[in-house]
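**Q** Coordinates in protein08.cif, mmCIF, C-alpha atoms and all ligand atoms, are listed below.
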```cif
data_my_file
loop_
_atom_site.label_atom_id
_atom_site.label_comp_id
_atom_site.auth_asym_id
_atom_site.auth_seq_id
_atom_site.Cartn_x
_atom_site.Cartn_y
_atom_site.Cartn_z
CA MET A 108 -74.73 -8.93 36.49
CA GLU A 109 -74.86 -6.00 34.16
CA LYS A 110 -78.06 -3.98 34.49
CA LYS A 111 -80.18 -3.55 31.41
CA ALA A 112 -83.23 -1.62 30.35
CA VAL A 113 -85.53 -2.11 27.41
CA ILE A 114 -86.80 0.66 25.15
CA HIS A 115 -89.85 -0.01 23.03
CA LEU A 116 -90.30 2.27 20.05
CA ASP A 117 -93.47 2.56 18.00
CA LEU A 118 -93.93 5.05 15.18
CA ASP A 119 -97.05 7.20 15.46
CA TYR A 120 -99.81 6.51 12.89
CA PHE A 121 -96.98 5.21 10.76
CA PHE A 122 -98.29 4.85 7.18
CA ALA A 123 -100.41 8.00 7.45
CA GLN A 124 -97.60 10.03 9.01
CA VAL A 125 -95.26 9.05 6.17
CA GLU A 126 -97.91 10.20 3.69
CA GLU A 127 -98.23 13.54 5.52
CA ARG A 128 -94.48 14.10 5.30
CA LYS A 129 -94.45 13.20 1.63
CA ASN A 130 -97.22 15.64 0.89
CA PRO A 131 -97.37 18.40 3.53
CA SER A 132 -100.48 19.96 1.96
CA ILE A 133 -102.63 17.17 3.45
CA PHE A 134 -101.39 17.89 7.00
CA GLY A 135 -104.30 18.78 9.28
CA LYS A 136 -106.86 16.91 7.20
CA PRO A 137 -108.15 13.44 8.03
CA VAL A 138 -105.78 11.03 6.23
CA VAL A 139 -106.72 7.41 5.63
CA VAL A 140 -104.29 4.90 4.10
CA CYS A 141 -106.08 2.08 2.31
CA VAL A 142 -105.47 -1.29 0.75
CA TYR A 143 -107.88 -1.64 -2.14
CA THR A 144 -109.14 -5.08 -3.03
CA ASN A 145 -111.07 -3.68 -5.95
CA GLU A 146 -109.60 -0.53 -7.45
CA LYS A 147 -112.72 0.40 -9.41
CA GLU A 148 -115.25 0.05 -6.66
CA GLN A 149 -112.80 1.42 -4.10
CA LYS A 150 -113.43 -1.50 -1.80
CA GLY A 151 -110.95 -2.69 0.76
CA ALA A 152 -109.71 -1.98 4.25
CA VAL A 153 -108.10 0.86 6.16
CA THR A 154 -104.47 0.11 7.14
CA THR A 155 -104.26 3.14 9.41
CA ALA A 156 -105.50 6.70 9.77
CA ASN A 157 -103.97 9.84 11.21
CA TYR A 158 -105.20 11.19 14.55
CA VAL A 159 -107.50 13.73 12.87
CA ALA A 160 -109.36 10.87 11.16
CA ARG A 161 -109.33 8.77 14.33
CA LYS A 162 -111.34 11.46 16.10
CA PHE A 163 -114.21 10.55 13.76
CA GLY A 164 -113.93 6.86 14.63
CA VAL A 165 -111.74 5.68 11.75
CA HIS A 166 -109.14 3.05 12.66
CA SER A 167 -107.07 0.16 11.28
CA GLY A 168 -109.05 -2.70 9.83
CA ILE A 169 -112.41 -1.08 9.13
CA PRO A 170 -113.85 -1.18 5.57
CA ILE A 171 -113.05 1.82 3.39
CA THR A 172 -116.78 2.30 2.77
CA GLN A 173 -117.32 2.73 6.51
CA ALA A 174 -114.43 5.21 6.75
CA LYS A 175 -115.92 7.20 3.88
CA LYS A 176 -119.24 7.43 5.71
CA LEU A 177 -117.59 8.52 8.95
CA LEU A 178 -115.61 11.21 7.12
CA ASN A 179 -118.34 12.36 4.79
CA GLY A 180 -117.99 16.12 4.19
CA LYS A 181 -114.79 16.33 6.28
CA ASP A 182 -112.36 17.04 3.41
CA ALA A 183 -110.66 13.70 4.07
CA VAL A 184 -107.78 12.30 2.01
CA PHE A 185 -107.85 8.59 1.04
CA LEU A 186 -104.56 7.21 -0.23
CA PRO A 187 -103.37 3.78 -1.38
CA ALA A 188 -100.72 2.14 0.82
CA ASN A 189 -97.20 2.49 -0.52
CA TYR A 190 -95.52 -0.46 1.21
CA GLU A 191 -92.23 -0.04 -0.59
CA LEU A 192 -91.76 3.42 0.88
CA TYR A 193 -92.81 2.33 4.40
CA GLU A 194 -90.39 -0.61 4.24
CA GLU A 195 -87.56 1.68 3.18
CA ILE A 196 -88.19 4.04 6.06
CA SER A 197 -88.55 1.17 8.50
CA TYR A 198 -85.19 -0.09 7.27
CA GLY A 199 -83.65 3.37 7.74
CA ILE A 200 -84.99 3.61 11.29
CA ARG A 201 -83.62 0.18 12.11
CA ASN A 202 -80.24 1.40 10.90
CA ILE A 203 -80.41 4.41 13.22
CA LEU A 204 -81.11 2.10 16.16
CA PHE A 205 -77.97 0.08 15.48
CA ASN A 206 -75.98 3.21 16.26
CA TYR A 207 -77.25 3.01 19.84
CA SER A 208 -77.33 -0.71 20.56
CA ASP A 209 -76.58 -3.98 18.86
CA LYS A 210 -79.43 -5.70 20.67
CA ILE A 211 -82.36 -4.77 18.50
CA GLU A 212 -85.49 -6.77 17.87
CA GLN A 213 -87.84 -5.61 15.16
CA ALA A 214 -91.36 -6.56 16.23
CA SER A 215 -93.25 -5.17 13.24
CA ILE A 216 -92.82 -2.68 10.41
CA ASP A 217 -92.90 0.18 12.92
CA GLU A 218 -92.06 -1.38 16.29
CA PHE A 219 -88.71 -2.16 17.80
CA TYR A 220 -87.25 -3.31 21.10
CA ILE A 221 -83.85 -1.93 21.98
CA GLN A 222 -81.90 -3.32 24.90
CA VAL A 223 -79.40 -0.93 26.47
CA PRO A 224 -76.97 -1.40 29.35
CA VAL A 225 -77.56 0.94 32.29
CA LYS A 226 -74.79 1.19 34.82
CA GLU A 227 -75.90 4.23 36.77
CA GLY A 228 -79.65 3.86 36.39
CA ILE A 229 -82.53 3.73 33.98
CA HIS A 230 -82.12 7.46 33.19
CA GLU A 231 -79.27 6.46 30.92
CA ALA A 232 -81.82 4.58 28.81
CA GLU A 233 -84.01 7.68 28.81
CA LYS A 234 -81.16 9.74 27.39
CA ILE A 235 -80.64 7.19 24.63
CA ALA A 236 -84.38 7.16 23.88
CA VAL A 237 -84.38 10.97 23.54
CA MET A 238 -81.42 10.84 21.16
CA ILE A 239 -83.11 8.16 19.07
CA LYS A 240 -86.35 10.16 18.91
CA ASN A 241 -84.43 13.25 17.85
CA GLU A 242 -82.49 11.42 15.18
CA ILE A 243 -85.63 9.87 13.69
CA LEU A 244 -87.29 13.29 13.70
CA LYS A 245 -84.30 14.90 12.06
CA LYS A 246 -83.72 12.25 9.41
CA PHE A 247 -87.26 11.23 8.54
CA LYS A 248 -89.35 14.06 10.08
CA LEU A 249 -91.37 11.39 11.87
CA THR A 250 -92.48 11.23 15.48
CA CYS A 251 -92.62 8.05 17.50
CA SER A 252 -93.57 7.04 21.00
CA VAL A 253 -91.18 5.25 23.30
CA GLY A 254 -91.56 3.36 26.53
CA ILE A 255 -88.66 2.52 28.81
CA GLY A 256 -88.84 -0.21 31.40
CA PRO A 257 -87.04 -3.07 33.10
CA ASN A 258 -88.43 -5.60 30.59
CA LYS A 259 -90.12 -5.85 27.19
CA LEU A 260 -93.64 -6.03 28.58
CA ILE A 261 -93.35 -2.84 30.63
CA ALA A 262 -91.54 -1.00 27.81
CA LYS A 263 -94.26 -1.95 25.33
CA ILE A 264 -97.14 -0.96 27.60
CA ALA A 265 -95.34 2.30 28.47
CA ALA A 266 -94.88 3.19 24.80
CA GLY A 267 -98.64 3.05 24.29
CA ILE A 268 -99.43 5.38 27.17
CA ASN A 269 -98.58 8.81 25.76
CA LYS A 270 -99.15 8.65 22.04
CA PRO A 271 -98.27 10.52 19.86
CA ASP A 272 -94.68 11.70 20.39
CA GLY A 273 -94.60 10.20 23.87
CA LEU A 274 -91.83 9.15 26.20
CA THR A 275 -92.77 7.14 29.27
CA LEU A 276 -90.25 5.87 31.76
CA VAL A 277 -91.15 3.19 34.30
CA LYS A 278 -88.56 2.36 36.93
CA GLU A 279 -88.44 -1.10 38.42
CA GLU A 280 -89.88 0.11 41.73
CA GLN A 281 -92.73 1.90 39.91
CA VAL A 282 -93.90 -1.09 37.89
CA GLN A 283 -96.84 -2.10 40.07
CA ASP A 284 -98.14 1.44 40.59
CA PHE A 285 -97.85 2.00 36.85
CA LEU A 286 -99.73 -1.15 35.89
CA ASP A 287 -102.42 -1.30 38.56
CA PRO A 288 -104.82 1.41 37.34
CA LEU A 289 -104.55 0.49 33.63
CA GLU A 290 -107.32 -1.35 31.82
CA VAL A 291 -106.62 -5.03 31.27
CA ASP A 292 -106.38 -4.74 27.50
CA ARG A 293 -103.20 -2.70 27.84
CA ILE A 294 -101.56 -6.10 28.29
CA PRO A 295 -100.45 -7.28 24.85
CA GLY A 296 -102.42 -10.33 23.83
CA ILE A 297 -105.60 -9.38 25.66
CA GLY A 298 -108.02 -8.83 22.83
CA LYS A 299 -111.68 -8.01 22.72
CA LYS A 300 -112.84 -11.50 23.69
CA THR A 301 -110.60 -11.93 26.76
CA LYS A 302 -111.40 -8.37 27.82
CA GLU A 303 -115.12 -9.08 27.67
CA TYR A 304 -114.69 -12.32 29.55
CA LEU A 305 -112.66 -10.60 32.29
CA GLN A 306 -115.19 -7.78 32.50
CA SER A 307 -117.97 -10.33 32.97
CA LYS A 308 -116.03 -11.41 36.07
CA GLY A 309 -115.83 -7.82 37.28
CA ILE A 310 -112.18 -7.49 36.26
CA PHE A 311 -111.52 -4.16 34.56
CA THR A 312 -108.11 -3.03 35.75
CA ILE A 313 -104.75 -4.77 35.92
CA LYS A 314 -104.91 -4.54 39.70
CA GLN A 315 -108.21 -6.41 39.71
CA LEU A 316 -106.62 -9.03 37.45
CA ARG A 317 -103.60 -9.29 39.73
CA ILE A 318 -105.68 -10.09 42.80
CA ALA A 319 -108.32 -12.17 40.99
CA ASP A 320 -109.00 -15.78 41.98
CA PHE A 321 -106.39 -17.60 39.92
CA ALA A 322 -107.98 -21.05 40.28
CA GLU A 323 -111.20 -19.74 38.80
CA LEU A 324 -109.43 -18.07 35.86
CA ALA A 325 -107.34 -21.19 35.25
CA GLU A 326 -110.43 -23.35 35.17
CA GLU A 327 -112.02 -21.27 32.48
CA LEU A 328 -109.06 -20.00 30.45
CA GLY A 329 -106.67 -22.90 30.98
CA LYS A 330 -103.73 -22.93 33.34
CA LYS A 331 -101.25 -21.64 30.81
CA ALA A 332 -103.25 -18.63 29.68
CA ALA A 333 -104.28 -17.73 33.22
CA GLY A 334 -100.65 -18.06 34.35
CA ALA A 335 -99.52 -15.73 31.58
CA LEU A 336 -102.13 -13.17 32.59
CA ARG A 337 -101.08 -13.33 36.21
CA GLU A 338 -97.42 -12.86 35.34
CA ALA A 339 -98.23 -9.89 33.10
CA ALA A 340 -100.44 -8.31 35.77
CA ASN A 341 -97.44 -8.52 38.10
CA GLY A 342 -95.17 -6.92 35.51
CA ILE A 343 -93.11 -10.07 35.08
CA ASP A 344 -91.61 -10.77 31.67
CA ASN A 345 -88.42 -12.74 31.23
CA SER A 346 -88.48 -12.93 27.45
CA PRO A 347 -85.21 -11.74 25.96
CA VAL A 348 -84.82 -9.08 23.28
CA GLU A 349 -84.35 -11.43 20.33
CA GLU A 350 -81.24 -10.02 18.83
CA GLU A 351 -81.07 -10.52 15.11
CA LYS A 352 -77.82 -11.49 13.60
CA GLN A 353 -76.30 -8.45 11.99
CA LYS A 354 -77.45 -8.69 8.40
CA GLN A 355 -75.72 -5.65 7.04
CA ILE A 356 -73.26 -2.88 7.75
CA SER A 357 -74.09 0.51 6.38
CA ARG A 358 -72.93 4.11 6.54
CA MET A 359 -74.82 7.17 5.43
CA VAL A 360 -74.16 10.92 5.18
CA THR A 361 -76.07 14.06 4.37
CA ILE A 362 -74.87 15.79 1.22
CA THR A 363 -74.34 19.49 1.66
CA ASP A 364 -74.87 21.81 -1.29
CA GLY A 365 -71.16 21.90 -2.07
CA ALA A 366 -70.91 18.18 -2.70
CA LYS A 367 -73.31 17.73 -5.53
CA ASP A 368 -70.95 17.04 -8.38
CA ALA A 369 -69.95 13.54 -9.37
CA LEU A 370 -66.35 13.81 -8.18
CA GLU A 371 -67.35 14.95 -4.69
CA LEU A 372 -69.91 12.18 -4.54
CA GLU A 373 -67.32 9.62 -5.55
CA LYS A 374 -65.04 10.82 -2.74
CA THR A 375 -67.91 10.50 -0.28
CA ILE A 376 -68.70 6.99 -1.44
CA ASN A 377 -65.04 5.99 -1.17
CA GLU A 378 -64.96 7.30 2.39
CA LEU A 379 -68.17 5.46 3.38
CA SER A 380 -66.82 2.26 1.79
CA ARG A 381 -63.59 2.60 3.72
CA GLU A 382 -65.53 2.94 6.98
CA ILE A 383 -67.62 -0.13 6.16
CA ALA A 384 -64.51 -2.15 5.28
CA GLU A 385 -62.98 -1.16 8.63
CA GLU A 386 -66.09 -2.33 10.44
CA LEU A 387 -66.17 -5.60 8.46
CA ASN A 388 -62.57 -6.20 9.44
CA ARG A 389 -63.32 -5.44 13.06
CA VAL A 390 -66.26 -7.85 13.30
CA GLU A 391 -64.59 -10.37 10.98
CA PHE A 392 -67.34 -10.54 8.40
CA VAL A 393 -67.46 -10.49 4.62
CA GLY A 394 -70.51 -9.57 2.55
CA LYS A 395 -71.78 -10.69 -0.78
CA VAL A 396 -74.09 -7.83 -1.66
CA VAL A 397 -73.12 -4.17 -2.02
CA GLY A 398 -75.91 -1.61 -2.04
CA ILE A 399 -76.51 2.11 -2.07
CA GLN A 400 -79.33 4.08 -0.53
CA VAL A 401 -80.21 7.43 -2.03
CA ILE A 402 -82.61 9.87 -0.39
CA ASP A 403 -83.86 12.85 -2.33
CA LYS A 404 -84.87 16.28 -1.06
CA ASP A 405 -88.47 15.09 -0.54
CA MET A 406 -87.29 12.23 1.65
CA LYS A 407 -88.02 9.66 -1.01
CA VAL A 408 -85.75 6.67 -0.52
CA TYR A 409 -84.22 4.57 -3.29
CA ASN A 410 -82.19 1.38 -2.87
CA ARG A 411 -80.01 -0.29 -5.46
CA SER A 412 -77.76 -3.30 -4.98
CA THR A 413 -75.52 -5.80 -6.74
CA THR A 414 -74.43 -9.30 -5.81
CA LEU A 415 -70.69 -9.81 -6.03
CA GLN A 416 -68.93 -12.85 -7.47
CA SER A 417 -67.53 -13.63 -4.05
CA PRO A 418 -67.95 -12.07 -0.59
CA THR A 419 -65.63 -9.22 0.29
CA LYS A 420 -64.42 -6.89 3.01
CA ASP A 421 -62.23 -4.92 0.64
CA ALA A 422 -62.77 -1.14 0.66
CA GLU A 423 -61.83 -0.77 -2.99
CA ILE A 424 -64.22 -3.43 -4.24
CA ILE A 425 -67.03 -1.99 -2.14
CA ALA A 426 -66.29 1.54 -3.36
CA LYS A 427 -66.03 0.52 -7.00
CA THR A 428 -69.32 -1.37 -6.88
CA ALA A 429 -71.13 1.42 -5.01
CA ASN A 430 -69.82 4.07 -7.42
CA GLU A 431 -71.03 2.05 -10.40
CA LEU A 432 -74.48 1.67 -8.82
CA CYS A 433 -74.57 5.36 -8.12
CA LYS A 434 -73.63 6.40 -11.66
CA LYS A 435 -76.24 4.07 -13.10
CA PHE A 436 -78.84 5.36 -10.67
CA PHE A 437 -78.30 9.02 -11.54
CA LEU A 438 -78.44 8.31 -15.27
CA GLU A 439 -81.82 6.72 -14.76
CA LYS A 440 -83.13 9.15 -12.10
CA PRO A 441 -81.57 12.62 -12.01
CA ILE A 442 -82.91 13.52 -8.57
CA GLU A 443 -81.80 16.21 -6.14
CA LEU A 444 -79.71 14.29 -3.65
CA ARG A 445 -79.96 14.84 0.11
CA ARG A 446 -78.37 11.75 1.61
CA ILE A 447 -76.29 8.92 0.31
CA GLY A 448 -75.58 5.60 1.98
CA VAL A 449 -73.49 2.55 1.20
CA ARG A 450 -74.13 -0.88 2.67
CA VAL A 451 -72.79 -4.40 2.54
CA GLU A 452 -75.32 -7.18 3.07
CA LYS A 453 -75.60 -10.97 3.16
CA LEU A 454 -72.85 -11.09 5.71
CA GLU A 455 -71.03 -14.24 6.65
CA THR A 456 -68.17 -14.86 9.02
CA ILE A 457 -64.69 -15.00 7.63
CA LYS A 458 -64.19 -18.19 9.62
CA GLY A 459 -67.24 -19.80 8.03
CA GLN A 460 -66.00 -18.82 4.63
CA LYS A 461 -62.58 -20.23 5.32
CA SER A 462 -63.96 -23.56 6.38
CA LEU A 463 -66.08 -23.58 3.25
CA ALA A 464 -63.02 -22.89 1.14
CA ASN A 465 -61.09 -25.62 2.94
CA PHE A 466 -63.89 -28.02 2.34
P1 LIG A 501 -99.55 0.34 14.47
O1 LIG A 501 -98.27 0.73 15.12
O2 LIG A 501 -100.43 -0.63 15.17
O3 LIG A 501 -100.44 1.62 14.19
P2 LIG A 501 -100.00 3.09 13.75
O4 LIG A 501 -98.53 3.25 13.72
O5 LIG A 501 -100.72 3.41 12.48
O6 LIG A 501 -100.65 3.97 14.87
P3 LIG A 501 -100.16 4.21 16.39
O7 LIG A 501 -99.85 5.66 16.47
O8 LIG A 501 -101.32 3.81 17.22
O9 LIG A 501 -98.95 3.33 16.59
O10 LIG A 501 -99.27 -0.26 13.05
C1 LIG A 501 -98.21 0.20 12.21
C2 LIG A 501 -98.63 0.20 10.76
O11 LIG A 501 -99.03 -1.09 10.35
C3 LIG A 501 -99.81 1.12 10.48
O12 LIG A 501 -99.41 2.45 10.21
C4 LIG A 501 -100.46 0.46 9.30
C5 LIG A 501 -100.13 -1.01 9.44
N1 LIG A 501 -101.30 -1.75 9.94
C6 LIG A 501 -102.13 -2.40 9.03
O13 LIG A 501 -101.86 -2.38 7.82
N2 LIG A 501 -103.23 -3.06 9.49
C7 LIG A 501 -103.57 -3.11 10.81
O14 LIG A 501 -104.59 -3.70 11.19
C8 LIG A 501 -102.71 -2.44 11.76
C9 LIG A 501 -103.05 -2.45 13.23
C10 LIG A 501 -101.60 -1.78 11.26
MG MG A 502 -97.29 2.63 15.30
#
```
Show me this structure written as structure tokens.

**A**
Amino acid sequence: MEKKAVIHLDLDYFFAQVEERKNPSIFGKPVVVCVYTNEKEQKGAVTTANYVARKFGVHSGIPITQAKKLLNGKDAVFLPANYELYEEISYGIRNILFNYSDKIEQASIDEFYIQVPVKEGIHEAEKIAVMIKNEILKKFKLTCSVGIGPNKLIAKIAAGINKPDGLTLVKEEQVQDFLDPLEVDRIPGIGKKTKEYLQSKGIFTIKQLRIADFAELAEELGKKAAGALREAANGIDNSPVEEEKQKQISRMVTITDGAKDALELEKTINELSREIAEELNRVEFVGKVVGIQVIDKDMKVYNRSTTLQSPTKDAEIIAKTANELCKKFFLEKPIELRRIGVRVEKLETIKGQKSLANF
């Protein structure tokens, strides 16, 4: 059987880090990203805070009023959450990952599992993780933390060990030594309540959980929950990386200074469209939506798309549609372009389409 490793990737203080990149002058200050329920009274909750703010006790979920008290006189910056931007970046990161593996599971807006084949050993996965980290840093100027392990559980726990900008590799034979000294709430799913319950039984570390009296735990937590805890404490996790069906094919390039005029841009778009059409042909898909992604010099991301009359894999149709979108975009927003991408979405198999046509 082919050997595999799992990489878990989690962006560091995601919303707040994006805000720091967008506005470098706030770097170094406590930054708190908020969702306001009442704009006037500035009430609501903290979505996340950067590490400077966390030092003062601010974290996800606390009321904004409490964060303001904790950061009183600290020159803190409170910003409203800009979900559209975070979604765009999340989408861009997901696209990067598809260059390294087609087995990707997105677990949240800033967390991904990536399954990679390793023939020679898990160090191959480490190399891939380093390349991914570098590419995310280069394209989005964002750091993330990655964990590499024989399964999803170990990869996820490992990713949380050295934040921010961490990389933690756990080989199969190291799993138990890695887990044993950790506190029980490193296991995903163990929240405050379970932690307190376990502590009341004298169970603080994963090792203590591993050797605890299972019958006693099962009696109080239920057999299923206790069984899950025991498996986790032993580093066992057989859940697969839930591969999503490929929803889109996209290509993107950085625009150098020489390629700023419309004609050069058109050539670039034609080339990207040709590459996408080749890929569509290879995987035998057609797509109904053609989109462009435009990133400006400040990293701001814009997406525009059009639904076609019928699905296509034709380079010329893709190019024509993308060029029209692009012209329209620049008329409406004359930005300084850094990167341009073309994508085809709402993919369906050619076979499926044929049978539909036959029907
Ligand atoms: P997390 O990855 O949990 O947190 P984070 O990226 O801010 O920090 P860390 O470095 O510890 O990974 O969540 C990702 C984003 O999801 C976070 O930036 C904001 C949002 N979020 C909320 O809106 N509410 C919440 O309660 C949590 C936990 C996160
Ligand atoms: Mg995160």

**Q** At a cut-off of 10 Å, using only C-alpha atoms, what residues contact Lys407 (chain A)? Leave out same-chain residues fewer than 6 positions from it and give the result as a VMD selection string.

**A** chain A and resid 129 192 195 to 196 247 401 442 444 to 445

**Q** Record the distance separating CA of Ala236 (chain A) and CA of His115 (chain A), expressed in Å with one decimal.

**A**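 Result for CA of Ala236 (chain A) versus CA of His115 (chain A): 9.1 Å, one decimal.
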
**Q** Contacts between ligand LIG 501 (chain A) and chain A, please, where a residue of chain A counts if it comes within 10 Å (with all atoms listed in the file); show its shortest atom pair and distance in Å to one decimal, rows by chain and ascending number, as a tab-separated table.

**A**
```
residue	atom	partner	partner_atom	distance
A:Leu116	CA	A:LIG501	O9	9.4
A:Asp117	CA	A:LIG501	O9	5.7
A:Leu118	CA	A:LIG501	O4	5.2
A:Asp119	CA	A:LIG501	O7	3.4
A:Tyr120	CA	A:LIG501	O5	3.3
A:Phe121	CA	A:LIG501	O12	3.7
A:Phe122	CA	A:LIG501	O12	4.0
A:Ala123	CA	A:LIG501	O12	6.3
A:Gln124	CA	A:LIG501	O12	7.9
A:Val125	CA	A:LIG501	O12	8.8
A:Val139	CA	A:LIG501	O5	9.9
A:Val140	CA	A:LIG501	C4	7.8
A:Cys141	CA	A:LIG501	O13	8.2
A:Val142	CA	A:LIG501	O13	8.0
A:Ala152	CA	A:LIG501	N2	8.4
A:Val153	CA	A:LIG501	N2	7.1
A:Thr154	CA	A:LIG501	O13	3.7
A:Thr155	CA	A:LIG501	C4	4.7
A:Ala156	CA	A:LIG501	O5	6.4
A:Asn157	CA	A:LIG501	O5	7.3
A:Tyr158	CA	A:LIG501	O7	7.9
A:Arg161	CA	A:LIG501	O8	9.9
A:His166	CA	A:LIG501	C9	8.2
A:Ser167	CA	A:LIG501	O14	4.6
A:Gly168	CA	A:LIG501	O14	4.8
A:Ile169	CA	A:LIG501	O14	8.5
A:Ala188	CA	A:LIG501	O13	8.4
A:Tyr190	CA	A:LIG501	O13	9.4
A:Tyr193	CA	A:LIG501	O12	8.8
A:Ser215	CA	A:LIG501	C1	7.4
A:Ile216	CA	A:LIG501	C1	6.4
A:Asp217	CA	A:LIG501	C1	5.4
A:Glu218	CA	A:LIG501	O1	6.7
A:Thr250	CA	A:LIG501	O7	9.3
A:Cys251	CA	A:LIG501	O7	7.7
A:Ser252	CA	A:LIG501	O7	7.9
A:Ala266	CA	A:LIG501	O9	9.2
A:Gly267	CA	A:LIG501	O8	7.6
A:Asn269	CA	A:LIG501	O7	9.9
A:Lys270	CA	A:LIG501	O7	6.4
A:Pro271	CA	A:LIG501	O7	6.1
A:Asp272	CA	A:LIG501	O7	8.9
```

**Q** Quick one: everything within 12 Å of Ile221 (chain A), counting all atoms listed in the file, minus sequence neighbours fewer than 2 positions away in the same chain. Send it as a ChimeraX atom specification.

**A** /A:111-117,201,203-214,218-219,223-224,232-233,235-236,239,253-259,262-263,347-351

**Q** Emit the selected residues as a PDB file, in the frame of the given file, including C-alpha atoms.

**A**
```pdb
ATOM      1  CA  LYS A 111     -80.180  -3.550  31.410  1.00  0.00           C
ATOM      2  CA  ALA A 112     -83.230  -1.620  30.350  1.00  0.00           C
ATOM      3  CA  VAL A 113     -85.530  -2.110  27.410  1.00  0.00           C
ATOM      4  CA  ILE A 114     -86.800   0.660  25.150  1.00  0.00           C
ATOM      5  CA  HIS A 115     -89.850  -0.010  23.030  1.00  0.00           C
ATOM      6  CA  LEU A 116     -90.300   2.270  20.050  1.00  0.00           C
ATOM      7  CA  ASP A 117     -93.470   2.560  18.000  1.00  0.00           C
ATOM      8  CA  ARG A 201     -83.620   0.180  12.110  1.00  0.00           C
ATOM      9  CA  ILE A 203     -80.410   4.410  13.220  1.00  0.00           C
ATOM     10  CA  LEU A 204     -81.110   2.100  16.160  1.00  0.00           C
ATOM     11  CA  PHE A 205     -77.970   0.080  15.480  1.00  0.00           C
ATOM     12  CA  ASN A 206     -75.980   3.210  16.260  1.00  0.00           C
ATOM     13  CA  TYR A 207     -77.250   3.010  19.840  1.00  0.00           C
ATOM     14  CA  SER A 208     -77.330  -0.710  20.560  1.00  0.00           C
ATOM     15  CA  ASP A 209     -76.580  -3.980  18.860  1.00  0.00           C
ATOM     16  CA  LYS A 210     -79.430  -5.700  20.670  1.00  0.00           C
ATOM     17  CA  ILE A 211     -82.360  -4.770  18.500  1.00  0.00           C
ATOM     18  CA  GLU A 212     -85.490  -6.770  17.870  1.00  0.00           C
ATOM     19  CA  GLN A 213     -87.840  -5.610  15.160  1.00  0.00           C
ATOM     20  CA  ALA A 214     -91.360  -6.560  16.230  1.00  0.00           C
ATOM     21  CA  GLU A 218     -92.060  -1.380  16.290  1.00  0.00           C
ATOM     22  CA  PHE A 219     -88.710  -2.160  17.800  1.00  0.00           C
ATOM     23  CA  VAL A 223     -79.400  -0.930  26.470  1.00  0.00           C
ATOM     24  CA  PRO A 224     -76.970  -1.400  29.350  1.00  0.00           C
ATOM     25  CA  ALA A 232     -81.820   4.580  28.810  1.00  0.00           C
ATOM     26  CA  GLU A 233     -84.010   7.680  28.810  1.00  0.00           C
ATOM     27  CA  ILE A 235     -80.640   7.190  24.630  1.00  0.00           C
ATOM     28  CA  ALA A 236     -84.380   7.160  23.880  1.00  0.00           C
ATOM     29  CA  ILE A 239     -83.110   8.160  19.070  1.00  0.00           C
ATOM     30  CA  VAL A 253     -91.180   5.250  23.300  1.00  0.00           C
ATOM     31  CA  GLY A 254     -91.560   3.360  26.530  1.00  0.00           C
ATOM     32  CA  ILE A 255     -88.660   2.520  28.810  1.00  0.00           C
ATOM     33  CA  GLY A 256     -88.840  -0.210  31.400  1.00  0.00           C
ATOM     34  CA  PRO A 257     -87.040  -3.070  33.100  1.00  0.00           C
ATOM     35  CA  ASN A 258     -88.430  -5.600  30.590  1.00  0.00           C
ATOM     36  CA  LYS A 259     -90.120  -5.850  27.190  1.00  0.00           C
ATOM     37  CA  ALA A 262     -91.540  -1.000  27.810  1.00  0.00           C
ATOM     38  CA  LYS A 263     -94.260  -1.950  25.330  1.00  0.00           C
ATOM     39  CA  PRO A 347     -85.210 -11.740  25.960  1.00  0.00           C
ATOM     40  CA  VAL A 348     -84.820  -9.080  23.280  1.00  0.00           C
ATOM     41  CA  GLU A 349     -84.350 -11.430  20.330  1.00  0.00           C
ATOM     42  CA  GLU A 350     -81.240 -10.020  18.830  1.00  0.00           C
ATOM     43  CA  GLU A 351     -81.070 -10.520  15.110  1.00  0.00           C
TER      44      GLU A 351
END
```

**Q** Could you name the residues that touch region 314-322 of chain A at 6 Å or less, counting all atoms listed in the file, but leaving out those on the same chain fewer than 3 positions away, as a PyMOL selection string?

**A** chain A and resi 287+310+325+337+340

**Q** Counting only C-alpha atoms, what is within 12 Å of Ile313 (chain A), bar same-chain residues fewer than 3 positions away, as a VMD selection string?

**A** chain A and resid 264 282 to 294 297 302 305 to 306 309 to 310 316 to 319 336 to 342

**Q** Near Thr361 (chain A), counting all atoms listed in the file, which residues have an atom at most 12 Å away, once you skip same-chain residues fewer than 4 positions from it, shown as a list of chain:residue names?

**A**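 Once the adjacent positions are removed, what remains is A:Lys245, A:Lys246, A:Gly365, A:Ala366, A:Lys367, A:Leu372, A:Thr375, A:Ile376, A:Leu379, A:Gln400, A:Val401, A:Ile402, A:Asp403, A:Lys404, A:Met406, A:Leu444, A:Arg445, A:Arg446, A:Ile447, A:Gly448.
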
**Q** Selected residues, C-alpha atoms, written as a compact mmCIF listing (two decimals), in the coordinates of the input, please.

**A**
```txt
# COMPACT_ATOMS: atom_id res chain seq x y z
CA LYS A 245 -84.30 14.90 12.06
CA LYS A 246 -83.72 12.25 9.41
CA GLY A 365 -71.16 21.90 -2.07
CA ALA A 366 -70.91 18.18 -2.70
CA LYS A 367 -73.31 17.73 -5.53
CA LEU A 372 -69.91 12.18 -4.54
CA THR A 375 -67.91 10.50 -0.28
CA ILE A 376 -68.70 6.99 -1.44
CA LEU A 379 -68.17 5.46 3.38
CA GLN A 400 -79.33 4.08 -0.53
CA VAL A 401 -80.21 7.43 -2.03
CA ILE A 402 -82.61 9.87 -0.39
CA ASP A 403 -83.86 12.85 -2.33
CA LYS A 404 -84.87 16.28 -1.06
CA MET A 406 -87.29 12.23 1.65
CA LEU A 444 -79.71 14.29 -3.65
CA ARG A 445 -79.96 14.84 0.11
CA ARG A 446 -78.37 11.75 1.61
CA ILE A 447 -76.29 8.92 0.31
CA GLY A 448 -75.58 5.60 1.98
```
